[in-house]
Amino acid sequence: MTAEPLPAEAVPAKPLSAEAVPAKPLSAEPIPAQPSPGAHRPAEPPAPGAPAPAEPSAEPAAPAPAGPAARDVALAEARVARRNQLTRAAQWFAGIEDDPYGLLLRAGRDDPAVHEERVRAQGPLHRSAPLDTWVTAHRAVAEQVFTDPAFDGTGPDGTPVGRDDLPYRSDLLALDRATAARLAPLTAFGGPLLWAQEEDCVAQRAATYARRLLEGCGEYFDLAEDFARRLAGPVLAEQLSLPDAAHEEFARVLPDCRHALDGLVCPQPYATARATRAAEAAVTGLLARHLSDAGEDAVRAAGVLAVGAAEPTAVLLVETVRRLRARPGAWERLTADPALAADAVRDTLRTAPPVRLETRITRTATTLAGTPLPAGSRVVVLVPAAHRDPAAPAGASPLGFAPDLHFALSATLITVLATAALRTLAETLPHLREAGEPVTRPRSPVLLAPARFPVAKRESTPCAS
C-alpha cells in the first residue's frame with residue numbers, strides 16, 4: 001500500500017498560544033507507507049530559497065554487501081533501519097486515530113497548542129494508548145517527573161540498540177541523572193572545561209563571533225543556517241580551549257548534530273539518522289583527541305555540552321527574533337534598547353520554549369498523579385503546555401530547560417549565547433526584516449526547528465520613478 005503524500009510546500013500554522021503572534025509554518029511530511037528497503041531519501045535541509053521537500057514513503061537500506069561477513073552487517077543494519085521506520089509509521093498512524101500525542105509527534109501543519117490542550121483536557125495524566133506513553137500538560141506533574149528519582153533517562157535502560165524503538169538515539173544525550181549530576185560541574189563557568197569565569201565573559205566573546213558572522217553575510221541571508229547555527233561552534237571551540245587548528249573542523253561538524261534532540265522521541269529518516277550519528281562521532285573523536293589529558297568524563301561532558309547546546313541555541317534565537325518581528329513595535333523597542341534582549345529571550349523560554357517535549361522512563365514502579373506506573377513506563381512532559389497551566393502557582397518561574405539530564409550541563413550556556421546573539425543583531429542590524437517565508441524542519445516535534453528563515457539586512461525601499 002502506498003500512501004498519498006501531503007503537499008510539500010510549507011503552510012503557515014496557527015499561533016502557538018493565545019498571543020497574537022503568527023506561528024512558524026511547518027513543512028509537510030507524507031504519510032508513511034510500508035517499508036521499502038530500496039527507496040531513496042533526499043538530503044535535508046533544503047537550500048535557502050528552495051521549496052520545502054516532501055519526505056519519501058520509505059527509507060533506503062544499507063549498501064550492497066561485498067561478502068558473507070559484510071552481508072550479515074548489512075542485514076543487521078537493514079533490520080535496524082526497518083525498525084526505525086516502523087516506529088515512525090506507528091506515530092503517524094496514532095495521529096490518524098486522532099491521538100493528540102501522535103499528532104504532536106507528526107509535527108504537521110496543525111497548531112501544536114491545540115493538541116497540547118486536548119491532552120490537558122484529559123486530566124493530569126493522559127495515556128496515549130497507540131504509543132503506550134503517558135503524557136502530561138500539568139505543571140505539578142511535570143515538576144514531579146523532573147525531580148522524582150523513579151523517572152530517569154530518555155530511553156530504555158540496557159535495551160540492545162537493535163531492539164530499541166528508536167535505534168538511532170543520540171549516544172551523547174542518552175544520560176541518566178547520576179551521570180548528568182557527575183558531569184555538570186565540569187561545564188560550569190570557570191570550571192575545568194570552560195575557561196570563562198562568568199557569564200558576561202562568554203557573552204562578550206559570543207558577541208564578537210556574532211559580529212564576525214554578520215559581517216560575512218550578504219544583504220540577504222538565512223538567519224537560521226548562516227548565523228544562528230554557526231555561532232555555537234566557534235564560541236565553544238574557544239571556551240573548551242581547543243587548538244586553533246581544530247576550530248574550523250569543530251565549527252563545521254557541530255551543526256550536523258542538529259537532529260539529535262528530535263531523534264530522542266521521533267525517528268529521523270534513515271540517511272539523516274546515519275549522518276547525525278556520524279557527526280556526533282566526529283565531535284566526540286575531535287574532543288577526545290584534544291581533551292584526553294583532562295580525562296574521560298571531561299571529554300564526555302564537553303560532547304554533551306556541545307551537542308546539547310548548539311541546536312537549542314539556534315532555535316531559541318530564531319524564535320525570539322520571529323516573535324519580536326511579529327509584534328508591532330517590539331523589534332524597534334529592542335533596537336532602541338538592546339539591553340532588552342535578556343527579557344525577550346526569557347519571554348520566549350516561557351511562552352515558546354525551544355524544547356517542547358521531555359521524555360522520561362520509570363526505572364522503578366511508582367505513582368504519578370494518582371496513577372500506578374510499572375517500571376519501564378514512558379512519560380512525556382509537554383513543556384509549553386505546562387508553562388500555560390492555569391493551575392500553576394501565581395508568579396511561578398518558567399520551567400525553562402529540564403534541570404535533570406543533559407540540560408543540567410548546557411541550559412545556562414544556551415541562554416547566554418542566545419541573548420548575546422540577539423543583542424548583537426539588534427545593535428548591528430536594526431533594520432533587519434524578513435525576506436521570504438520561514439520553513440520549519442520536518443520531523444522536529446521536540447524543537448520545531450527552523451529549516452530556513454530568510455532575512456535581509458535593510459528595509460526594502462521603493463524604486464525611484
# chains A, B, ... in the order shown; residues from 1 in each chain; ligands from 1
call {"tool": "select_by_dssp", "arguments": {"residues": "range 106-178 of chain A", "states": "strand (DSSP E)", "output": "ChimeraX atom specification"}}
result
/A:126-128,133-136,151-152
call {"tool": "write_last_selection", "arguments": {"atoms": "N, CA and C atoms", "output": "compact mmCIF listing (two decimals), in the first residue's frame"}}
result
# COMPACT_ATOMS: atom_id res chain seq x y z
N HIS A 126 -2.48 11.70 30.84
CA HIS A 126 -3.22 11.11 29.74
C HIS A 126 -2.41 9.97 29.14
N ARG A 127 -3.07 8.84 28.89
CA ARG A 127 -2.37 7.72 28.27
C ARG A 127 -2.62 7.71 26.77
N SER A 128 -1.54 7.81 26.01
CA SER A 128 -1.61 7.63 24.57
C SER A 128 -1.55 6.13 24.30
N THR A 133 2.30 5.47 25.88
CA THR A 133 3.03 6.58 26.51
C THR A 133 2.08 7.39 27.37
N TRP A 134 2.54 7.78 28.55
CA TRP A 134 1.78 8.67 29.42
C TRP A 134 2.23 10.11 29.16
N VAL A 135 1.28 11.02 29.01
CA VAL A 135 1.58 12.40 28.61
C VAL A 135 0.92 13.36 29.59
N THR A 136 1.63 14.42 29.95
CA THR A 136 1.06 15.41 30.86
C THR A 136 1.28 16.83 30.36
N PHE A 151 11.94 8.52 37.93
CA PHE A 151 11.98 8.87 36.50
C PHE A 151 13.41 9.21 36.11
N ASP A 152 13.93 8.52 35.12
CA ASP A 152 15.34 8.69 34.79
C ASP A 152 15.60 8.36 33.33
call {"tool": "residues_around", "arguments": {"residues": "Arg252 in chain A", "least_positions_apart": "2", "cutoff": "10 Å", "atoms": "only C-alpha atoms", "output": "ChimeraX atom specification"}}
result
/A:229-230,233-234,247-250,254-256,279,283
call {"tool": "write_last_selection", "arguments": {"atoms": "N, CA and C atoms", "output": "compact mmCIF listing (two decimals), in the first residue's frame"}}
result
# COMPACT_ATOMS: atom_id res chain seq x y z
N ARG A 229 23.00 28.86 13.52
CA ARG A 229 23.64 27.54 13.66
C ARG A 229 25.16 27.61 13.56
N ARG A 230 25.69 28.72 13.16
CA ARG A 230 27.15 28.83 13.02
C ARG A 230 27.79 29.52 14.22
N GLY A 233 29.49 26.86 17.54
CA GLY A 233 30.73 26.13 17.27
C GLY A 233 31.98 26.90 17.62
N PRO A 234 32.20 28.08 17.03
CA PRO A 234 33.43 28.82 17.35
C PRO A 234 33.50 29.28 18.80
N HIS A 247 39.51 24.43 15.38
CA HIS A 247 38.32 25.27 15.45
C HIS A 247 37.44 25.10 14.22
N GLU A 248 38.04 25.12 13.04
CA GLU A 248 37.25 25.07 11.81
C GLU A 248 36.50 23.75 11.70
N GLU A 249 37.18 22.64 11.98
CA GLU A 249 36.52 21.34 11.89
C GLU A 249 35.39 21.23 12.91
N PHE A 250 35.63 21.67 14.13
CA PHE A 250 34.60 21.59 15.17
C PHE A 250 33.38 22.43 14.78
N LEU A 254 29.73 20.43 14.13
CA LEU A 254 28.74 20.53 15.20
C LEU A 254 27.32 20.79 14.68
N PRO A 255 27.08 21.68 13.71
CA PRO A 255 25.70 21.87 13.25
C PRO A 255 25.06 20.62 12.66
N ASP A 256 25.87 19.66 12.22
CA ASP A 256 25.32 18.43 11.66
C ASP A 256 24.72 17.52 12.72
N ALA A 279 28.15 12.54 12.56
CA ALA A 279 28.59 13.86 13.03
C ALA A 279 28.87 13.84 14.52
N VAL A 283 32.39 14.70 16.39
CA VAL A 283 32.57 15.66 17.50
C VAL A 283 33.25 14.98 18.67
call {"tool": "closest_atom_pairs", "arguments": {"of": "range 231-266 of chain A", "to": "range 357-378 of chain A", "cutoff": "10 Å", "atoms": "only C-alpha atoms", "output": "JSON lines"}}
result
{"residue": "A:Leu261", "atom": "CA", "partner": "A:Leu357", "partner_atom": "CA", "distance": 9.6}
{"residue": "A:Asp262", "atom": "CA", "partner": "A:Leu357", "partner_atom": "CA", "distance": 9.0}
{"residue": "A:Leu264", "atom": "CA", "partner": "A:Thr359", "partner_atom": "CA", "distance": 8.1}
{"residue": "A:Val265", "atom": "CA", "partner": "A:Thr359", "partner_atom": "CA", "distance": 7.5}
call {"tool": "write_last_selection", "arguments": {"atoms": "C-alpha atoms", "output": "PDB file, in the first residue's frame"}}
result
ATOM      1  CA  LEU A 261      17.248  16.089  20.290  1.00  0.00           C
ATOM      2  CA  ASP A 262      14.351  15.430  17.925  1.00  0.00           C
ATOM      3  CA  LEU A 264      15.139  11.216  21.182  1.00  0.00           C
ATOM      4  CA  VAL A 265      11.390  10.843  20.510  1.00  0.00           C
TER       5      VAL A 265
END
call {"tool": "atom_distance", "arguments": {"atom1": "CA of Tyr220 in chain A", "atom2": "CA of Leu432 in chain A"}}
result
9.9 Å
call {"tool": "decode", "arguments": {"residues": "range 339-354 of chain A", "atoms": "all heavy atoms", "output": "CSV table (one decimal), in the first residue's frame"}}
result
chain,number,residue,atom,x,y,z
A,339,ALA,N,19.6,46.2,25.5
A,339,ALA,CA,19.7,45.5,26.8
A,339,ALA,C,18.4,44.7,27.1
A,339,ALA,O,18.3,43.9,28.0
A,339,ALA,CB,19.9,46.5,28.0
A,340,LEU,N,17.3,45.0,26.3
A,340,LEU,CA,16.1,44.3,26.5
A,340,LEU,C,16.2,42.9,25.9
A,340,LEU,O,15.2,42.1,26.0
A,340,LEU,CB,14.9,45.0,25.8
A,340,LEU,CG,14.5,46.4,26.4
A,340,LEU,CD1,13.5,47.1,25.5
A,340,LEU,CD2,14.0,46.2,27.8
A,341,ALA,N,17.3,42.5,25.3
A,341,ALA,CA,17.4,41.2,24.7
A,341,ALA,C,17.2,40.1,25.8
A,341,ALA,O,16.6,39.0,25.5
A,341,ALA,CB,18.8,41.0,24.1
A,342,ALA,N,17.7,40.3,27.0
A,342,ALA,CA,17.6,39.3,28.0
A,342,ALA,C,16.1,39.0,28.3
A,342,ALA,O,15.7,37.9,28.5
A,342,ALA,CB,18.4,39.7,29.3
A,343,ASP,N,15.3,40.1,28.4
A,343,ASP,CA,13.9,39.9,28.7
A,343,ASP,C,13.2,39.2,27.6
A,343,ASP,O,12.3,38.4,27.8
A,343,ASP,CB,13.3,41.3,28.9
A,343,ASP,CG,13.7,41.9,30.2
A,343,ASP,OD1,14.2,41.2,31.1
A,343,ASP,OD2,13.6,43.2,30.3
A,344,ALA,N,13.6,39.5,26.3
A,344,ALA,CA,13.0,38.9,25.2
A,344,ALA,C,13.3,37.4,25.1
A,344,ALA,O,12.4,36.6,24.8
A,344,ALA,CB,13.5,39.5,23.9
A,345,VAL,N,14.5,37.0,25.5
A,345,VAL,CA,14.8,35.6,25.5
A,345,VAL,C,14.1,34.9,26.6
A,345,VAL,O,13.5,33.8,26.4
A,345,VAL,CB,16.3,35.4,25.6
A,345,VAL,CG1,16.7,33.9,26.0
A,345,VAL,CG2,17.1,35.8,24.4
A,346,ARG,N,14.0,35.5,27.8
A,346,ARG,CA,13.2,34.9,28.9
A,346,ARG,C,11.8,34.7,28.5
A,346,ARG,O,11.1,33.7,28.9
A,346,ARG,CB,13.4,35.7,30.1
A,346,ARG,CG,14.7,35.5,30.9
A,346,ARG,CD,14.6,36.1,32.3
A,346,ARG,NE,14.5,37.6,32.2
A,346,ARG,CZ,15.5,38.4,32.3
A,346,ARG,NH1,16.8,37.9,32.3
A,346,ARG,NH2,15.4,39.7,32.2
A,347,ASP,N,11.2,35.7,27.8
A,347,ASP,CA,9.8,35.6,27.4
A,347,ASP,C,9.6,34.4,26.4
A,347,ASP,O,8.6,33.7,26.5
A,347,ASP,CB,9.4,36.9,26.7
A,347,ASP,CG,7.9,36.8,26.3
A,347,ASP,OD1,7.0,36.8,27.2
A,347,ASP,OD2,7.6,36.8,25.1
A,348,THR,N,10.5,34.2,25.5
A,348,THR,CA,10.4,33.0,24.6
A,348,THR,C,10.5,31.7,25.4
A,348,THR,O,9.8,30.8,25.1
A,348,THR,CB,11.5,33.1,23.5
A,348,THR,OG1,11.3,34.4,22.8
A,348,THR,CG2,11.4,32.0,22.5
A,349,LEU,N,11.5,31.7,26.3
A,349,LEU,CA,11.6,30.5,27.1
A,349,LEU,C,10.3,30.1,27.9
A,349,LEU,O,10.0,29.0,28.1
A,349,LEU,CB,12.7,30.6,28.1
A,349,LEU,CG,14.1,30.5,27.6
A,349,LEU,CD1,15.2,30.9,28.6
A,349,LEU,CD2,14.4,29.1,27.1
A,350,ARG,N,9.5,31.2,28.3
A,350,ARG,CA,8.3,31.0,29.0
A,350,ARG,C,7.2,30.6,28.1
A,350,ARG,O,6.4,29.7,28.4
A,350,ARG,CB,8.0,32.2,29.8
A,350,ARG,CG,6.7,32.0,30.7
A,350,ARG,CD,6.4,33.3,31.4
A,350,ARG,NE,5.9,34.4,30.6
A,350,ARG,CZ,6.7,35.4,30.2
A,350,ARG,NH1,7.9,35.6,30.7
A,350,ARG,NH2,6.2,36.4,29.4
A,351,THR,N,7.0,31.2,26.9
A,351,THR,CA,5.8,31.1,26.1
A,351,THR,C,6.0,30.2,24.9
A,351,THR,O,5.1,29.6,24.4
A,351,THR,CB,5.4,32.5,25.6
A,351,THR,OG1,6.5,33.1,24.9
A,351,THR,CG2,4.9,33.4,26.7
A,352,ALA,N,7.3,30.0,24.4
A,352,ALA,CA,7.5,29.1,23.3
A,352,ALA,C,8.9,28.5,23.4
A,352,ALA,O,9.8,28.8,22.7
A,352,ALA,CB,7.4,29.9,22.0
A,353,PRO,N,9.1,27.7,24.5
A,353,PRO,CA,10.4,27.1,24.7
A,353,PRO,C,11.0,26.3,23.6
A,353,PRO,O,10.2,25.7,22.8
A,353,PRO,CB,10.2,26.3,26.0
A,353,PRO,CG,8.8,25.9,25.9
A,353,PRO,CD,8.1,27.1,25.3
A,354,PRO,N,12.3,26.4,23.3
A,354,PRO,CA,12.8,25.6,22.2
A,354,PRO,C,12.8,24.1,22.3
A,354,PRO,O,12.9,23.4,21.3
A,354,PRO,CB,14.3,26.1,22.2
A,354,PRO,CG,14.6,26.6,23.6
A,354,PRO,CD,13.3,27.1,24.1
